[in-house]
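Colleague: Below is coords35.txt; it holds compact mmCIF, C-alpha atoms and all ligand atoms.
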```txt
# COMPACT_ATOMS: atom_id res chain seq x y z
CA MET J 1204 87.64 80.41 105.64
CA ALA J 1205 89.32 82.64 108.24
CA GLY J 1206 92.82 81.99 109.53
CA VAL J 1207 95.26 83.20 112.15
CA TYR J 1208 98.93 83.87 111.36
CA ILE J 1209 101.42 84.07 114.25
CA HIS J 1210 104.80 85.63 113.51
CA ILE J 1211 107.75 84.33 115.55
CA PRO J 1212 110.39 87.04 115.07
CA PHE J 1213 113.59 85.18 115.93
CA CYS J 1214 116.25 83.40 113.87
CA LYS J 1215 119.56 81.79 114.79
CA GLN J 1216 121.38 83.75 112.11
CA ALA J 1217 120.52 85.98 109.19
CA CYS J 1218 120.28 84.25 105.83
CA HIS J 1219 122.02 86.47 103.31
CA TYR J 1220 119.00 86.93 101.03
CA CYS J 1221 116.31 87.45 103.68
CA ASN J 1222 114.39 90.67 104.34
CA PHE J 1223 111.72 89.24 106.66
CA HIS J 1224 111.41 90.65 110.15
CA PHE J 1225 113.42 88.78 112.79
CA SER J 1226 115.99 89.29 115.52
CA THR J 1227 118.97 87.01 116.10
CA SER J 1228 118.70 87.62 119.85
CA VAL J 1229 116.26 85.32 121.60
CA ALA J 1230 116.76 87.04 124.96
CA ARG J 1231 113.12 88.21 125.00
CA LYS J 1232 111.53 85.01 123.70
CA THR J 1233 109.49 84.43 126.86
CA ASP J 1234 108.25 88.03 126.87
CA MET J 1235 107.37 87.66 123.20
CA VAL J 1236 105.25 84.55 123.78
CA ALA J 1237 103.40 86.37 126.58
CA ALA J 1238 102.83 89.36 124.27
CA LEU J 1239 101.55 87.16 121.44
CA LEU J 1240 99.08 85.53 123.84
CA HIS J 1241 97.98 88.98 124.97
CA GLU J 1242 97.60 90.30 121.43
CA LEU J 1243 95.39 87.31 120.57
CA GLU J 1244 93.07 88.34 123.41
CA MET J 1245 93.15 92.01 122.45
CA ARG J 1246 92.10 91.17 118.90
CA ARG J 1247 89.34 88.69 119.58
CA GLN J 1248 86.82 90.94 117.82
CA TYR J 1249 88.85 91.17 114.60
CA LEU J 1250 87.38 88.03 113.06
CA PRO J 1251 83.63 87.34 113.00
CA ALA J 1252 82.33 85.37 115.97
CA GLY J 1253 80.87 81.94 115.30
CA GLU J 1254 83.13 81.18 112.35
CA PRO J 1255 85.78 78.68 113.47
CA LEU J 1256 89.23 78.98 111.91
CA GLY J 1257 90.24 76.91 108.92
CA SER J 1258 93.93 77.37 109.65
CA ILE J 1259 96.55 78.49 112.14
CA TYR J 1260 99.94 79.27 110.66
CA PHE J 1261 103.19 79.84 112.58
CA GLY J 1262 105.57 81.77 110.34
CA GLY J 1263 108.64 83.86 110.85
CA GLY J 1264 111.41 84.21 111.54
CA THR J 1265 111.82 80.69 112.80
CA PRO J 1266 108.84 79.31 114.72
CA SER J 1267 110.70 76.07 115.45
CA LEU J 1268 112.88 78.07 117.86
CA LEU J 1269 109.92 77.97 120.26
CA ASN J 1270 109.65 74.92 122.46
CA ALA J 1271 106.60 72.68 122.26
CA ALA J 1272 105.08 74.10 125.46
CA GLU J 1273 105.20 77.64 124.03
CA ILE J 1274 103.63 76.57 120.75
CA GLU J 1275 100.98 74.60 122.62
CA GLN J 1276 100.06 77.69 124.67
CA LEU J 1277 99.63 79.73 121.49
CA ILE J 1278 97.54 77.06 119.77
CA GLY J 1279 95.41 76.60 122.89
CA LYS J 1280 94.72 80.32 123.26
CA THR J 1281 93.92 80.71 119.55
CA ILE J 1282 91.44 77.84 119.64
CA ALA J 1283 89.85 79.06 122.90
CA LEU J 1284 89.27 82.51 121.40
CA PHE J 1285 88.33 81.73 117.81
CA GLY J 1286 87.37 78.04 117.61
CA LEU J 1287 88.80 75.65 115.05
CA LYS J 1288 87.22 73.52 112.34
CA PRO J 1289 87.75 69.79 112.89
CA ASP J 1290 89.78 69.48 109.69
CA ALA J 1291 91.75 72.71 110.20
CA GLU J 1292 95.36 72.96 109.13
CA ILE J 1293 97.90 73.92 111.82
CA THR J 1294 101.19 74.65 110.09
CA LEU J 1295 104.55 75.35 111.66
CA GLU J 1296 107.47 76.68 109.64
CA ALA J 1297 110.60 74.91 110.84
CA ASN J 1298 114.29 74.83 110.11
CA PRO J 1299 116.07 71.49 109.77
CA ASP J 1300 118.50 72.08 112.64
CA ASP J 1301 115.60 72.46 115.11
CA LEU J 1302 113.86 69.21 114.22
CA SER J 1303 115.03 66.41 116.50
CA GLU J 1304 112.92 63.27 116.60
CA ASN J 1305 111.76 64.20 120.09
CA LYS J 1306 110.70 67.69 119.01
CA LEU J 1307 108.77 66.23 116.07
CA TRP J 1308 106.84 63.85 118.35
CA GLU J 1309 106.04 66.75 120.67
CA LEU J 1310 104.82 68.90 117.78
CA ARG J 1311 102.46 66.15 116.67
CA GLN J 1312 101.13 65.69 120.18
CA ILE J 1313 100.25 69.37 120.58
CA GLY J 1314 98.26 69.43 117.34
CA VAL J 1315 100.65 70.68 114.66
CA ASN J 1316 99.48 68.72 111.61
CA ARG J 1317 101.54 70.31 108.84
CA LEU J 1318 105.20 71.23 108.70
CA SER J 1319 106.79 73.62 106.25
CA ILE J 1320 110.52 72.99 106.37
CA GLY J 1321 113.06 75.50 105.08
CA ILE J 1322 115.36 73.08 103.24
CA GLN J 1323 116.42 75.49 100.44
CA SER J 1324 118.99 73.03 99.02
CA PHE J 1325 120.63 69.68 99.67
CA PHE J 1326 124.04 71.03 98.58
CA GLU J 1327 126.54 72.36 101.09
CA PRO J 1328 128.09 75.19 98.98
CA ASP J 1329 124.61 76.42 98.20
CA LEU J 1330 123.60 76.44 101.88
CA LEU J 1331 126.84 78.26 102.75
CA PHE J 1332 126.19 80.86 100.04
CA MET J 1333 122.77 81.51 101.56
CA ASN J 1334 124.20 81.48 105.12
CA ARG J 1335 121.67 78.90 106.27
CA ALA J 1336 122.07 77.60 109.82
CA HIS J 1337 121.74 73.94 108.76
CA ASN J 1338 123.91 71.64 106.67
CA ALA J 1339 123.04 69.25 103.86
CA GLY J 1340 122.94 66.20 106.15
CA GLU J 1341 120.45 67.89 108.48
CA ALA J 1342 118.30 68.88 105.49
CA LEU J 1343 117.83 65.26 104.46
CA ASN J 1344 117.71 63.81 107.95
CA CYS J 1345 114.90 66.07 109.20
CA ILE J 1346 112.62 65.11 106.32
CA GLU J 1347 113.15 61.43 107.02
CA LEU J 1348 112.41 62.04 110.71
CA ALA J 1349 109.31 64.09 109.93
CA LEU J 1350 107.95 61.29 107.75
CA LYS J 1351 108.86 58.70 110.37
CA THR J 1352 106.99 60.61 113.08
CA GLY J 1353 103.86 60.76 110.92
CA PHE J 1354 103.96 64.20 109.30
CA THR J 1355 102.38 63.16 106.05
CA ASN J 1356 101.22 66.71 105.36
CA LEU J 1357 104.65 68.08 104.68
CA SER J 1358 105.93 70.99 102.66
CA ILE J 1359 109.52 71.91 101.90
CA ASP J 1360 110.96 75.15 100.58
CA PHE J 1361 113.66 75.36 97.94
CA ILE J 1362 115.52 78.34 96.55
CA TYR J 1363 116.79 78.24 92.98
CA GLY J 1364 118.78 80.71 90.90
CA THR J 1365 121.72 80.89 93.30
CA PRO J 1366 125.08 81.12 91.51
CA THR J 1367 126.28 78.12 93.54
CA LEU J 1368 123.56 75.81 92.20
CA THR J 1369 124.20 74.16 88.84
CA HIS J 1370 121.28 72.99 86.73
CA GLU J 1371 122.27 69.37 87.46
CA GLN J 1372 122.26 70.05 91.20
CA TRP J 1373 118.89 71.76 90.95
CA GLN J 1374 117.52 68.72 89.17
CA ARG J 1375 119.07 66.57 91.89
CA ASN J 1376 117.41 68.66 94.64
CA LEU J 1377 114.06 68.06 92.98
CA SER J 1378 114.76 64.34 92.48
CA ILE J 1379 115.53 63.92 96.18
CA ALA J 1380 112.21 65.58 97.07
CA PHE J 1381 110.34 63.39 94.57
CA GLY J 1382 112.08 60.30 95.94
CA LEU J 1383 110.80 61.17 99.42
CA ASN J 1384 107.29 61.72 98.04
CA ILE J 1385 106.98 65.20 99.57
CA PRO J 1386 103.37 66.26 98.89
CA HIS J 1387 103.94 70.02 98.79
CA ILE J 1388 106.95 71.94 97.48
CA SER J 1389 107.47 75.70 97.45
CA ALA J 1390 110.27 76.85 95.17
CA TYR J 1391 111.37 80.48 95.27
CA CYS J 1392 113.60 82.26 92.83
CA LEU J 1393 116.48 83.98 94.62
CA THR J 1394 115.88 87.73 94.52
CA VAL J 1395 118.10 90.52 95.75
CA GLU J 1396 116.20 92.47 98.39
CA PRO J 1397 117.39 95.86 99.65
CA LYS J 1398 119.28 95.93 102.96
CA THR J 1399 120.29 92.28 102.80
CA ALA J 1400 123.84 90.92 102.96
CA LEU J 1401 123.39 89.62 99.41
CA HIS J 1402 122.49 93.10 98.17
CA SER J 1403 125.50 94.61 99.90
CA SER J 1404 127.90 91.93 98.57
CA ILE J 1405 126.72 92.54 95.02
CA LYS J 1406 127.01 96.30 95.43
CA LYS J 1407 130.57 95.93 96.72
CA GLY J 1408 131.46 93.64 93.81
CA LYS J 1409 132.15 90.64 96.07
CA ILE J 1410 129.47 88.64 94.27
CA ALA J 1411 128.54 88.97 90.61
CA PRO J 1412 124.98 90.16 89.91
CA LEU J 1413 122.52 87.29 89.55
CA GLN J 1414 121.85 86.05 86.04
CA ASP J 1415 118.20 86.04 84.93
CA GLU J 1416 118.85 83.31 82.34
CA HIS J 1417 120.28 81.01 85.02
CA ALA J 1418 117.12 81.39 87.11
CA GLN J 1419 114.80 81.17 84.08
CA THR J 1420 116.39 77.87 83.01
CA GLN J 1421 115.98 76.50 86.54
CA PHE J 1422 112.35 77.68 86.62
CA ASN J 1423 111.73 75.82 83.36
CA LEU J 1424 113.38 72.68 84.76
CA LEU J 1425 111.22 73.05 87.85
CA THR J 1426 107.88 73.34 86.08
CA GLN J 1427 108.70 70.55 83.65
CA SER J 1428 109.82 68.16 86.40
CA MET J 1429 106.81 68.95 88.56
CA GLU J 1430 104.43 68.29 85.70
CA GLU J 1431 106.11 64.97 84.89
CA ARG J 1432 105.71 63.95 88.55
CA GLY J 1433 102.03 64.86 88.71
CA TYR J 1434 102.36 67.99 90.85
CA GLN J 1435 99.84 70.79 90.33
CA HIS J 1436 101.47 74.16 89.75
CA TYR J 1437 98.75 75.98 91.65
CA GLU J 1438 100.61 79.21 92.43
CA ILE J 1439 103.77 80.67 90.89
CA SER J 1440 106.01 79.35 93.68
CA ASN J 1441 103.84 76.47 94.92
CA PHE J 1442 103.36 72.91 93.72
CA CYS J 1443 101.51 70.00 95.27
CA LEU J 1444 100.29 66.50 94.75
CA PRO J 1445 96.48 66.30 94.44
CA GLY J 1446 94.73 67.14 97.72
CA HIS J 1447 97.62 69.05 99.27
CA ILE J 1448 96.96 72.68 98.37
CA ALA J 1449 98.01 74.79 101.39
CA VAL J 1450 94.86 75.93 103.16
CA HIS J 1451 96.37 78.94 104.90
CA ASN J 1452 98.26 80.43 101.95
CA SER J 1453 95.28 79.86 99.69
CA SER J 1454 93.22 82.06 101.98
CA TYR J 1455 95.55 84.97 101.10
CA TRP J 1456 94.95 84.37 97.41
CA SER J 1457 91.22 83.84 97.69
CA GLY J 1458 90.44 86.99 99.69
CA ALA J 1459 89.56 85.19 102.95
CA HIS J 1460 89.92 87.14 106.20
CA TYR J 1461 92.94 86.57 108.40
CA LEU J 1462 94.36 87.94 111.60
CA GLY J 1463 98.12 88.38 111.90
CA ILE J 1464 99.65 88.38 115.38
CA GLY J 1465 103.18 89.46 116.27
CA PRO J 1466 105.73 92.01 115.04
CA SER J 1467 105.34 92.82 111.32
CA ALA J 1468 102.27 90.58 110.92
CA HIS J 1469 99.56 91.73 108.51
CA SER J 1470 95.80 91.33 108.90
CA TYR J 1471 92.90 91.64 106.48
CA ASN J 1472 89.16 91.76 107.21
CA GLY J 1473 87.65 92.56 103.83
CA VAL J 1474 87.46 96.30 104.58
CA SER J 1475 90.93 97.21 105.71
CA ARG J 1476 94.45 95.92 105.94
CA SER J 1477 96.59 96.48 109.01
CA TRP J 1478 100.16 95.71 109.87
CA ASN J 1479 102.01 95.54 113.17
CA VAL J 1480 105.24 97.40 113.82
CA ALA J 1481 108.28 95.45 112.55
CA ASN J 1482 110.33 95.98 115.70
CA ASN J 1483 110.41 93.52 118.62
CA ALA J 1484 111.11 96.09 121.36
CA LEU J 1485 108.40 98.50 120.19
CA TYR J 1486 105.94 95.66 119.77
CA LEU J 1487 106.57 94.32 123.27
CA LYS J 1488 106.35 97.75 124.86
CA ALA J 1489 103.04 98.58 123.16
CA ILE J 1490 101.38 95.25 123.93
CA GLN J 1491 102.52 95.40 127.55
CA GLN J 1492 100.75 98.79 127.75
CA ASN J 1493 97.59 97.36 126.17
CA ASN J 1494 98.14 99.24 122.92
CA LEU J 1495 98.00 97.70 119.47
CA PRO J 1496 101.16 98.70 117.58
CA ALA J 1497 99.40 98.60 114.23
CA GLU J 1498 98.70 100.88 111.31
CA THR J 1499 95.55 100.47 109.27
CA GLU J 1500 94.64 101.32 105.71
CA ILE J 1501 91.01 101.33 104.55
CA LEU J 1502 91.01 99.65 101.16
CA THR J 1503 89.60 101.61 98.22
CA PRO J 1504 87.96 99.82 95.27
CA GLN J 1505 91.21 100.50 93.38
CA ASN J 1506 93.31 98.82 96.12
CA LYS J 1507 90.97 95.83 96.13
CA TYR J 1508 90.96 95.51 92.35
CA ASN J 1509 94.76 95.67 92.13
CA GLU J 1510 95.20 93.17 94.96
CA TYR J 1511 92.76 90.78 93.35
CA ILE J 1512 94.58 90.99 90.01
CA MET J 1513 97.97 90.59 91.66
CA THR J 1514 97.04 87.54 93.74
CA ALA J 1515 94.54 85.81 91.43
CA LEU J 1516 96.79 85.88 88.38
CA ARG J 1517 99.56 84.17 90.33
CA THR J 1518 97.31 81.13 90.79
CA MET J 1519 96.19 78.43 88.40
CA TRP J 1520 92.59 79.66 88.81
CA GLY J 1521 93.38 83.12 87.42
CA ALA J 1522 91.12 86.18 87.63
CA ASP J 1523 87.40 85.45 87.46
CA LEU J 1524 85.89 87.96 85.01
CA THR J 1525 82.35 87.36 86.26
CA TYR J 1526 83.45 88.17 89.80
CA LEU J 1527 85.32 91.26 88.60
CA SER J 1528 82.25 92.63 86.81
CA ALA J 1529 80.03 92.00 89.83
CA GLU J 1530 82.51 93.55 92.26
CA PHE J 1531 84.00 96.43 90.29
CA GLY J 1532 81.63 96.94 87.33
CA GLU J 1533 81.75 95.84 83.70
CA GLU J 1534 83.83 98.86 82.76
CA LYS J 1535 86.73 97.56 84.86
CA THR J 1536 86.55 94.14 83.22
CA ARG J 1537 86.67 95.80 79.80
CA TYR J 1538 89.67 97.81 81.00
CA LEU J 1539 91.42 94.64 82.17
CA LEU J 1540 90.83 92.88 78.88
CA SER J 1541 92.10 95.83 76.88
CA GLN J 1542 95.27 96.00 79.02
CA ALA J 1543 95.66 92.24 78.63
CA GLN J 1544 95.16 92.23 74.86
CA ARG J 1545 98.79 92.43 73.76
CA TYR J 1546 99.78 89.64 76.17
CA VAL J 1547 96.89 87.50 74.92
CA GLN J 1548 98.18 88.04 71.36
CA GLN J 1549 101.69 87.05 72.51
CA GLY J 1550 100.28 83.90 74.14
CA LYS J 1551 101.34 85.02 77.63
CA LEU J 1552 97.79 85.44 78.93
CA GLN J 1553 94.77 83.31 78.08
CA VAL J 1554 91.02 83.67 78.59
CA VAL J 1555 89.58 80.28 79.51
CA GLN J 1556 85.99 79.82 80.69
CA ASN J 1557 85.66 83.49 81.54
CA ARG J 1558 88.87 83.55 83.54
CA LEU J 1559 92.05 85.41 82.69
CA LEU J 1560 95.06 83.14 83.23
CA LEU J 1561 98.81 83.37 82.88
CA ALA J 1562 100.13 80.93 80.29
CA PRO J 1563 102.40 78.38 82.02
CA ASP J 1564 105.58 79.57 80.31
CA ALA J 1565 104.82 83.22 81.20
CA ARG J 1566 104.76 82.56 84.92
CA PHE J 1567 108.44 83.37 85.41
CA THR J 1568 107.81 86.93 84.21
CA ALA J 1569 104.43 87.25 85.92
CA ASP J 1570 105.22 90.37 87.92
CA ALA J 1571 106.05 92.46 84.86
CA ILE J 1572 102.87 91.34 83.07
CA ILE J 1573 100.64 91.85 86.10
CA ALA J 1574 101.98 95.36 86.65
CA HIS J 1575 100.50 96.35 83.26
CA LEU J 1576 97.06 95.18 84.31
CA PHE J 1577 96.73 97.41 87.37
CA TRP J 1578 94.12 100.11 87.71
CA GLY J 1579 95.77 103.53 87.93
S1 LIG J 1601 115.59 81.40 108.75
FE1 LIG J 1601 113.99 82.19 107.40
S2 LIG J 1601 113.29 84.11 108.33
FE2 LIG J 1601 115.23 83.56 109.32
S3 LIG J 1601 116.78 84.70 108.19
FE3 LIG J 1601 116.64 82.67 107.24
S4 LIG J 1601 115.11 82.87 105.59
FE4 LIG J 1601 114.92 84.68 106.94
```
Starting from the file, give its structure as structure tokens.
Modeller:
Amino acid sequence: MAGVYIHIPFCKQACHYCNFHFSTSVARKTDMVAALLHELEMRRQYLPAGEPLGSIYFGGGTPSLLNAAEIEQLIGKTIALFGLKPDAEITLEANPDDLSENKLWELRQIGVNRLSIGIQSFFEPDLLFMNRAHNAGEALNCIELALKTGFTNLSIDFIYGTPTLTHEQWQRNLSIAFGLNIPHISAYCLTVEPKTALHSSIKKGKIAPLQDEHAQTQFNLLTQSMEERGYQHYEISNFCLPGHIAVHNSSYWSGAHYLGIGPSAHSYNGVSRSWNVANNALYLKAIQQNNLPAETEILTPQNKYNEYIMTALRTMWGADLTYLSAEFGEEKTRYLLSQAQRYVQQGKLQVVQNRLLLAPDARFTADAIIAHLFWG
């Protein structure tokens, strides 16, 4: 099921851990919306005609910095160009400090039917450590308002593994979410990305390096609590109550085609992958001159195999060995199983109904295991 991703490259302030593409100046917000609308038109042919979208996803950056009229224009143009399935998911990533009751009502009226709110933590020192723009009170308040205004399809993001978050507080964060009956929770382990303030603070010795054991313990608490509460752990960082698997993100993991609009957005059409320039000024200039500021890579069988292994093994469905043989030949499946053998013996990988799966307690170290399974 095809989807459209729209990247809104603005944030109020830079969170210390974040390496996404954004600018903290919103001076060119109006120009950016015009350029996004134009890029949608320029790329009408990217997705097959006659196949309405299963999802529209506003990510960023901070999409909730747009006003409702701007979001409505983008949704309207997307639907006019590509069509939309009646049960399609329209998700907006939002930050708590942007979600007034009035804004939430407006978002519902213009067709946003799923919110993904960047809560990260309900504890003030933790939010300060991350340099989030919102406080703990706003984190709680916006969820209550979202539920009150009828956003039943709600996701929240948490970050664990910060040195400011004790295990008890992490458990408390989860309990608050469970108490509010949030149907979808994404929980990300804090990682130190190059060129971030966190990276620089650690390098300068202002902050101690992060402790793997601290994060591993919190991951274990997370998976155990989610299981007890009936959440499906359907992707390494994603959990949901039955019936709430994210449509848009699942399309990335299932190999569906998607079009990414905006600076730094990626697109995939089954043959190639392309990515827009991660620079607002260059993006605006190119689009205004009717040029697509994108680079494209034609995917080789090796690229496709490695991407499939990387994404499929992160999910609860794992890698389908029948599909692999049909797509890449039996030899590649034999190769995969031989690479996997030592992890199968260690109980970190399992073969169940002709699918290769990560064992639940190996998910925290998934990246290291998956890297050994790549072709080449
Ligand atoms: S609000 Fe989101 S995109 Fe913006 S800096 Fe923070 S984490 Fe990054």
Colleague: Could you state the separation of CA of Ser1477 (chain J) and CA of Gly1465 (chain J) in Å, given to one decimal place?
Modeller: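 CA of Gly1465 (chain J) lies 12.1 Å from CA of Ser1477 (chain J).
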Colleague: Would you pick out the contacts of region 1209-1211 of chain J at 7 Å or less, using only C-alpha atoms, so that residues sharing its chain but fewer than 3 positions from it are not included, and give the list as a list in words?
Modeller: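 Returned residues: Tyr1260, Phe1261, Gly1262, Gly1263, Gly1264, Thr1265, Pro1266, Gly1463, Ile1464, Gly1465, Pro1466 and Ala1468 of chain J.
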Colleague: Within 8 Å of ligand LIG 1601 (chain J), counting all atoms listed in the file, which protein or nucleic acid residues do you find, written as a ChimeraX atom specification?
Modeller: /J:1212-1225,1263-1265,1298,1321,1334-1336
Colleague: When distances are computed from all atoms listed in the file, which of J:Arg1558, J:Arg1566, J:Lys1507, J:Arg1537 shows the smallest separation from Leu1524 (chain J)?
Modeller: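 Ranked by minimum distance to Leu1524 (chain J), first place goes to J:Arg1558.
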Colleague: CA of Glu1273 (chain J) and CA of Ile1490 (chain J), how far apart in Å?
Modeller: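 It comes out at 18.0 Å.
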